[in-house]
Amino acid sequence: MKRFAAIGVAVAVGLSAFGTAHAEDNDVVEIGYFNWSDALFTSHVAEYIVTEKMGHEVEMTKADPAAVYQAVASGDLDFHTDAWLPDTHSDYFDRTAGKVVNLGPVYSRASLGWVVPDYVSKDKLSSIEDLKNEDVMEMLDGKIIGIGPGAGLTRLSKKAMDEYGLKDMGYNLVISSGSGMTAALKRAINNEEPIVVTGWKPHWKFGRWDLRYIDDPKGTLGSIERADIVARTGFYREFPDVFEMLDRMTIPLDQVQKGMDKGEQTDYEQAAEWYVKNHPKLVNYWVTGEM
């Protein structure tokens with residue numbers, strides 16, 4: 001999971017991509033975003049509304065999280081839509097305190113966990129503790145399908161393997177990638193086979209298939225978070241209409257996942273247009289403040 005991977009790109013390098021400071025061109029709304037599915041969807045929804053519904057010109061800039069946070073704080077970008085708080089992005093957010101304005105969550109109840117298809121019987125597998133059953137271990141061939149080695153979810157999953165005694169039993173956390181994990185999940189679902197994968201919400205797989213988390217009674221994999229919209233100070237004075245729209249913009253988690261799935265199957269520009277056109281009353285409230 002990229003949002004939990006270590007960031008190795010220097011902020012100074014990332015900032016070089018942003019060009020001139022915002023103050024030199026204050027007629028254009030500058031949106032920063034990360035190359036993560038949820039950020040791609042929510043930022044493109046914001047971009048579509050600001051251009052098509054509000055009549056502003058928009059420029060989109062993609063970079064790593066550290067660079068985007070710093071660029072918003074310095075005024076080179078106006079806002080981004082994917083501040084994972086209170087824990088995951090706390091370091092980035094704390095470094096920019098006093099230089100940015102938090103407009104609140106664009107979605108909430110983000111979470112990490114181990115995931116199974118819904119057809120896997122809850123009587124057999126509803127908790128990580130159930131993995132200790134030898135029949136369940138045999139059913140899964142002793143494998144938990146993971147993602148990349150540098151991801152925070154992988155680190156937490158290794159911790160769960162130890163704390164629940166699964167490693168000692170002979171379970172193997174299969175290190176893969178985000179795409180490798182979803183490919184394994186797709187194969188299992190196509191054959192209606194049991195599988196456990198490491199996962200997170202929001203993710204497009206929850207919009208495509210019927211899945212569920214299994215319980216984590218020890219709380220090893222963390223708790224719920226939210227994704228906040230963060231803007232530069234002074235943005236409200238220059239674009240009060242956009243600021244107020246963003247302040248009202250909230251998308252339910254299940255709709256974020258459906259939009260992410262749409263984006264993966266087409267592209268995120270089309271997914272944003274599809275979402276806006278299919279939620280006219282909600283979007284009108286964001287733009288006008290009128291119910």
# chains A, B, ... in the order shown; residues from 1 in each chain; ligands from 1
$ select_by_dssp --residues "stretch 103-280 of chain A" --states "alpha helix (DSSP H)" --output "PyMOL selection string"
chain A and resi 134-139+152-163+166-169+178-190+204-208+235-238+240-248+253-265+268-278+280
$ closest_atom_pairs --of "stretch 101-170 of chain A" --to "stretch 210-221 of chain A" --cutoff "7 Å" --atoms "only C-alpha atoms" --output "CSV"
residue,atom,partner,partner_atom,distance
A:Leu112,CA,A:Leu221,CA,6.1
A:Gly113,CA,A:Leu221,CA,6.0
A:Trp114,CA,A:Tyr213,CA,5.6
A:Val115,CA,A:Tyr213,CA,4.5
A:Val116,CA,A:Arg212,CA,5.7
A:Pro117,CA,A:Leu211,CA,4.4
A:Asp118,CA,A:Leu211,CA,5.0
A:Ser126,CA,A:Ile214,CA,5.0
A:Ser127,CA,A:Asp215,CA,4.2
A:Ile128,CA,A:Asp216,CA,5.8
A:Leu156,CA,A:Leu221,CA,5.6
A:Ser157,CA,A:Leu221,CA,6.8
A:Ala160,CA,A:Thr220,CA,5.7
$ write_last_selection --atoms "all heavy atoms" --output "tab-separated table (two decimals), in the first residue's frame"
chain	number	residue	atom	x	y	z
A	112	LEU	N	-7.48	-0.42	7.72
A	112	LEU	CA	-6.64	-1.53	7.26
A	112	LEU	C	-7.19	-2.83	7.83
A	112	LEU	O	-7.87	-2.84	8.86
A	112	LEU	CB	-5.20	-1.37	7.76
A	112	LEU	CG	-4.47	-0.08	7.44
A	112	LEU	CD1	-3.09	-0.10	8.11
A	112	LEU	CD2	-4.32	0.10	5.95
A	113	GLY	N	-6.86	-3.95	7.19
A	113	GLY	CA	-7.29	-5.23	7.73
A	113	GLY	C	-6.94	-6.38	6.81
A	113	GLY	O	-6.35	-6.19	5.75
A	114	TRP	N	-7.31	-7.58	7.24
A	114	TRP	CA	-7.19	-8.77	6.40
A	114	TRP	C	-8.56	-9.08	5.85
A	114	TRP	O	-9.56	-9.03	6.58
A	114	TRP	CB	-6.62	-9.93	7.21
A	114	TRP	CG	-5.15	-9.75	7.52
A	114	TRP	CD1	-4.35	-8.70	7.18
A	114	TRP	CD2	-4.31	-10.67	8.23
A	114	TRP	NE1	-3.06	-8.89	7.64
A	114	TRP	CE2	-3.00	-10.10	8.28
A	114	TRP	CE3	-4.52	-11.91	8.83
A	114	TRP	CZ2	-1.95	-10.73	8.91
A	114	TRP	CZ3	-3.46	-12.54	9.45
A	114	TRP	CH2	-2.18	-11.95	9.49
A	115	VAL	N	-8.61	-9.41	4.58
A	115	VAL	CA	-9.85	-9.44	3.81
A	115	VAL	C	-10.11	-10.83	3.25
A	115	VAL	O	-9.18	-11.50	2.78
A	115	VAL	CB	-9.77	-8.42	2.66
A	115	VAL	CG1	-11.02	-8.45	1.79
A	115	VAL	CG2	-9.52	-7.00	3.21
A	116	VAL	N	-11.38	-11.23	3.26
A	116	VAL	CA	-11.80	-12.49	2.63
A	116	VAL	C	-13.02	-12.21	1.76
A	116	VAL	O	-13.79	-11.28	2.02
A	116	VAL	CB	-12.13	-13.58	3.66
A	116	VAL	CG1	-10.92	-13.92	4.50
A	116	VAL	CG2	-13.31	-13.16	4.54
A	117	PRO	N	-13.25	-13.02	0.72
A	117	PRO	CA	-14.51	-12.92	-0.03
A	117	PRO	C	-15.67	-13.33	0.86
A	117	PRO	O	-15.53	-14.16	1.77
A	117	PRO	CB	-14.32	-13.93	-1.17
A	117	PRO	CG	-12.83	-14.15	-1.26
A	117	PRO	CD	-12.32	-14.01	0.14
A	118	ASP	N	-16.83	-12.76	0.58
A	118	ASP	CA	-18.00	-13.02	1.43
A	118	ASP	C	-18.46	-14.47	1.39
A	118	ASP	O	-19.15	-14.93	2.30
A	118	ASP	CB	-19.15	-12.10	1.01
A	118	ASP	CG	-19.41	-11.03	2.05
A	118	ASP	OD1	-18.81	-11.09	3.14
A	118	ASP	OD2	-20.23	-10.13	1.78
A	126	SER	N	-14.04	-15.85	10.75
A	126	SER	CA	-14.56	-14.51	11.01
A	126	SER	C	-13.55	-13.64	11.76
A	126	SER	O	-13.78	-12.45	11.94
A	126	SER	CB	-15.86	-14.58	11.82
A	126	SER	OG	-15.62	-15.17	13.09
A	127	SER	N	-12.44	-14.25	12.20
A	127	SER	CA	-11.44	-13.55	13.01
A	127	SER	C	-10.05	-14.08	12.68
A	127	SER	O	-9.90	-15.22	12.23
A	127	SER	CB	-11.75	-13.77	14.50
A	127	SER	OG	-10.66	-13.40	15.31
A	128	ILE	N	-9.04	-13.25	12.92
A	128	ILE	CA	-7.66	-13.72	12.76
A	128	ILE	C	-7.41	-14.91	13.68
A	128	ILE	O	-6.65	-15.81	13.33
A	128	ILE	CB	-6.66	-12.57	13.03
A	128	ILE	CG1	-6.83	-11.46	11.97
A	128	ILE	CG2	-5.22	-13.09	13.01
A	128	ILE	CD1	-5.93	-10.26	12.17
A	156	LEU	N	2.72	-4.04	9.58
A	156	LEU	CA	1.70	-4.38	10.58
A	156	LEU	C	1.24	-5.83	10.44
A	156	LEU	O	0.95	-6.49	11.44
A	156	LEU	CB	0.51	-3.43	10.44
A	156	LEU	CG	0.77	-1.97	10.80
A	156	LEU	CD1	-0.44	-1.12	10.46
A	156	LEU	CD2	1.13	-1.82	12.27
A	157	SER	N	1.19	-6.33	9.21
A	157	SER	CA	0.78	-7.73	9.00
A	157	SER	C	1.83	-8.69	9.55
A	157	SER	O	1.48	-9.75	10.10
A	157	SER	CB	0.54	-7.99	7.51
A	157	SER	OG	-0.58	-7.26	7.05
A	160	ALA	N	1.21	-8.81	13.14
A	160	ALA	CA	0.04	-9.65	13.43
A	160	ALA	C	0.40	-11.13	13.35
A	160	ALA	O	-0.06	-11.94	14.17
A	160	ALA	CB	-1.09	-9.32	12.47
$ closest_atom_pairs --of "stretch 144-231 of chain A" --to "stretch 73-83 of chain A" --cutoff "12 Å" --atoms "only C-alpha atoms" --output "CSV"
residue,atom,partner,partner_atom,distance
A:Pro202,CA,A:Asp82,CA,11.6
A:Glu225,CA,A:Ala83,CA,9.9
A:Arg226,CA,A:Ala83,CA,7.8
A:Ala227,CA,A:Asp82,CA,5.0
A:Asp228,CA,A:Ala83,CA,4.8
A:Ile229,CA,A:Thr81,CA,4.2
A:Val230,CA,A:Phe79,CA,5.4
A:Ala231,CA,A:Phe79,CA,4.0
$ write_last_selection --atoms "N, CA, C and O atoms" --output "PDB file, in the first residue's frame"
ATOM      1  N   PRO A 202     -10.385   3.096   1.621  1.00  0.00           N
ATOM      2  CA  PRO A 202     -11.090   2.684   0.413  1.00  0.00           C
ATOM      3  C   PRO A 202     -10.150   2.012  -0.583  1.00  0.00           C
ATOM      4  O   PRO A 202      -8.964   2.343  -0.674  1.00  0.00           O
ATOM      5  N   GLU A 225      -9.367   5.770  10.115  1.00  0.00           N
ATOM      6  CA  GLU A 225      -8.838   7.097   9.819  1.00  0.00           C
ATOM      7  C   GLU A 225      -9.788   7.798   8.853  1.00  0.00           C
ATOM      8  O   GLU A 225     -10.838   7.267   8.492  1.00  0.00           O
ATOM      9  N   ARG A 226      -9.394   8.993   8.427  1.00  0.00           N
ATOM     10  CA  ARG A 226     -10.192   9.771   7.482  1.00  0.00           C
ATOM     11  C   ARG A 226      -9.242  10.457   6.500  1.00  0.00           C
ATOM     12  O   ARG A 226      -8.035  10.558   6.760  1.00  0.00           O
ATOM     13  N   ALA A 227      -9.790  10.922   5.384  1.00  0.00           N
ATOM     14  CA  ALA A 227      -9.010  11.673   4.401  1.00  0.00           C
ATOM     15  C   ALA A 227      -9.541  13.099   4.359  1.00  0.00           C
ATOM     16  O   ALA A 227     -10.666  13.339   3.930  1.00  0.00           O
ATOM     17  N   ASP A 228      -8.729  14.051   4.819  1.00  0.00           N
ATOM     18  CA  ASP A 228      -9.136  15.449   4.890  1.00  0.00           C
ATOM     19  C   ASP A 228      -8.654  16.237   3.673  1.00  0.00           C
ATOM     20  O   ASP A 228      -7.620  15.907   3.062  1.00  0.00           O
ATOM     21  N   ILE A 229      -9.379  17.293   3.345  1.00  0.00           N
ATOM     22  CA  ILE A 229      -8.942  18.252   2.337  1.00  0.00           C
ATOM     23  C   ILE A 229      -8.136  19.336   3.044  1.00  0.00           C
ATOM     24  O   ILE A 229      -8.595  19.907   4.041  1.00  0.00           O
ATOM     25  N   VAL A 230      -6.949  19.614   2.532  1.00  0.00           N
ATOM     26  CA  VAL A 230      -6.058  20.601   3.140  1.00  0.00           C
ATOM     27  C   VAL A 230      -5.724  21.666   2.110  1.00  0.00           C
ATOM     28  O   VAL A 230      -5.308  21.350   0.993  1.00  0.00           O
ATOM     29  N   ALA A 231      -5.912  22.935   2.477  1.00  0.00           N
ATOM     30  CA  ALA A 231      -5.672  24.060   1.573  1.00  0.00           C
ATOM     31  C   ALA A 231      -4.604  24.985   2.138  1.00  0.00           C
ATOM     32  O   ALA A 231      -4.346  25.002   3.343  1.00  0.00           O
TER      33      ALA A 231
END
$ closest_atom_pairs --of "stretch 25-142 of chain A" --to "stretch 164-167 of chain A" --cutoff "10 Å" --atoms "only C-alpha atoms" --output "JSON lines"
{"residue": "A:Ile128", "atom": "CA", "partner": "A:Tyr164", "partner_atom": "CA", "distance": 7.6}
{"residue": "A:Glu129", "atom": "CA", "partner": "A:Tyr164", "partner_atom": "CA", "distance": 7.0}
{"residue": "A:Leu131", "atom": "CA", "partner": "A:Leu166", "partner_atom": "CA", "distance": 7.6}
{"residue": "A:Lys132", "atom": "CA", "partner": "A:Leu166", "partner_atom": "CA", "distance": 6.8}
{"residue": "A:Met137", "atom": "CA", "partner": "A:Leu166", "partner_atom": "CA", "distance": 9.5}
{"residue": "A:Gly142", "atom": "CA", "partner": "A:Leu166", "partner_atom": "CA", "distance": 9.1}
$ write_last_selection --atoms "C-alpha atoms" --output "PDB file, in the first residue's frame"
ATOM      1  CA  ILE A 128      -7.661 -13.721  12.758  1.00  0.00           C
ATOM      2  CA  GLU A 129      -7.901 -16.063  15.752  1.00  0.00           C
ATOM      3  CA  LEU A 131      -6.672 -18.886  11.354  1.00  0.00           C
ATOM      4  CA  LYS A 132      -5.169 -20.991  14.159  1.00  0.00           C
ATOM      5  CA  MET A 137      -4.808 -23.332   7.665  1.00  0.00           C
ATOM      6  CA  GLY A 142      -0.972 -21.696   4.969  1.00  0.00           C
TER       7      GLY A 142
END
$ select_by_dssp --residues "stretch 84-238 of chain A" --states "strand (DSSP E or B)" --output "PyMOL selection string"
chain A and resi 84-85+100-117+127+143-145+172-174+197-201+211-213+215+225-232
$ write_last_selection --atoms "C-alpha atoms" --output "CSV table (one decimal), in the first residue's frame"
chain,number,residue,atom,x,y,z
A,84,TRP,CA,-4.8,10.6,6.0
A,85,LEU,CA,-5.4,11.6,9.7
A,100,VAL,CA,-2.4,25.2,5.9
A,101,VAL,CA,-6.1,25.1,6.6
A,102,ASN,CA,-7.9,21.8,7.2
A,103,LEU,CA,-11.4,21.7,5.6
A,104,GLY,CA,-12.3,18.4,7.1
A,105,PRO,CA,-12.9,14.9,5.7
A,106,VAL,CA,-13.8,14.2,2.1
A,107,TYR,CA,-14.4,10.7,3.3
A,108,SER,CA,-14.1,8.9,6.6
A,109,ARG,CA,-13.8,5.4,8.1
A,110,ALA,CA,-10.7,4.5,6.2
A,111,SER,CA,-9.1,1.3,7.6
A,112,LEU,CA,-6.6,-1.5,7.3
A,113,GLY,CA,-7.3,-5.2,7.7
A,114,TRP,CA,-7.2,-8.8,6.4
A,115,VAL,CA,-9.8,-9.4,3.8
A,116,VAL,CA,-11.8,-12.5,2.6
A,117,PRO,CA,-14.5,-12.9,0.0
A,127,SER,CA,-11.4,-13.5,13.0
A,143,LYS,CA,-0.8,-18.4,3.0
A,144,ILE,CA,-1.8,-14.8,3.7
A,145,ILE,CA,-1.4,-12.8,0.4
A,172,ASN,CA,3.5,-17.6,5.2
A,173,LEU,CA,2.9,-13.9,4.6
A,174,VAL,CA,3.4,-13.8,0.8
A,197,VAL,CA,-5.4,-10.9,1.5
A,198,THR,CA,-4.0,-7.9,3.3
A,199,GLY,CA,-6.2,-4.9,2.4
A,200,TRP,CA,-7.4,-1.4,3.1
A,201,LYS,CA,-10.4,0.8,2.6
A,211,LEU,CA,-15.6,-8.7,0.5
A,212,ARG,CA,-15.3,-8.3,4.2
A,213,TYR,CA,-12.6,-7.8,6.9
A,215,ASP,CA,-11.9,-9.4,13.0
A,225,GLU,CA,-8.8,7.1,9.8
A,226,ARG,CA,-10.2,9.8,7.5
A,227,ALA,CA,-9.0,11.7,4.4
A,228,ASP,CA,-9.1,15.4,4.9
A,229,ILE,CA,-8.9,18.3,2.3
A,230,VAL,CA,-6.1,20.6,3.1
A,231,ALA,CA,-5.7,24.1,1.6
A,232,ARG,CA,-3.0,26.8,1.7
$ residues_around --residues "stretch 251-262 of chain A" --least-positions-apart "5" --cutoff "7 Å" --atoms "only C-alpha atoms" --output "ChimeraX atom specification"
/A:37-38,41,106-108,202-208,271,275
$ closest_residue --among "A:Glu47, A:Glu193, A:Glu269, A:Glu30" --to "A:Leu140" --atoms "only C-alpha atoms"
A:Glu193
$ closest_residue --among "A:Val120, A:Lys277, A:Asn133, A:Thr288" --to "A:Ala188" --atoms "only C-alpha atoms"
A:Val120
$ residues_around --residues "A:Ser179" --least-positions-apart "6" --cutoff "10 Å" --atoms "only C-alpha atoms" --output "number ranges by chain"
A: 147-148, 185
$ atom_distance --atom1 "atom CA of A:Glu59" --atom2 "atom CA of A:Pro280"
23.9 Å
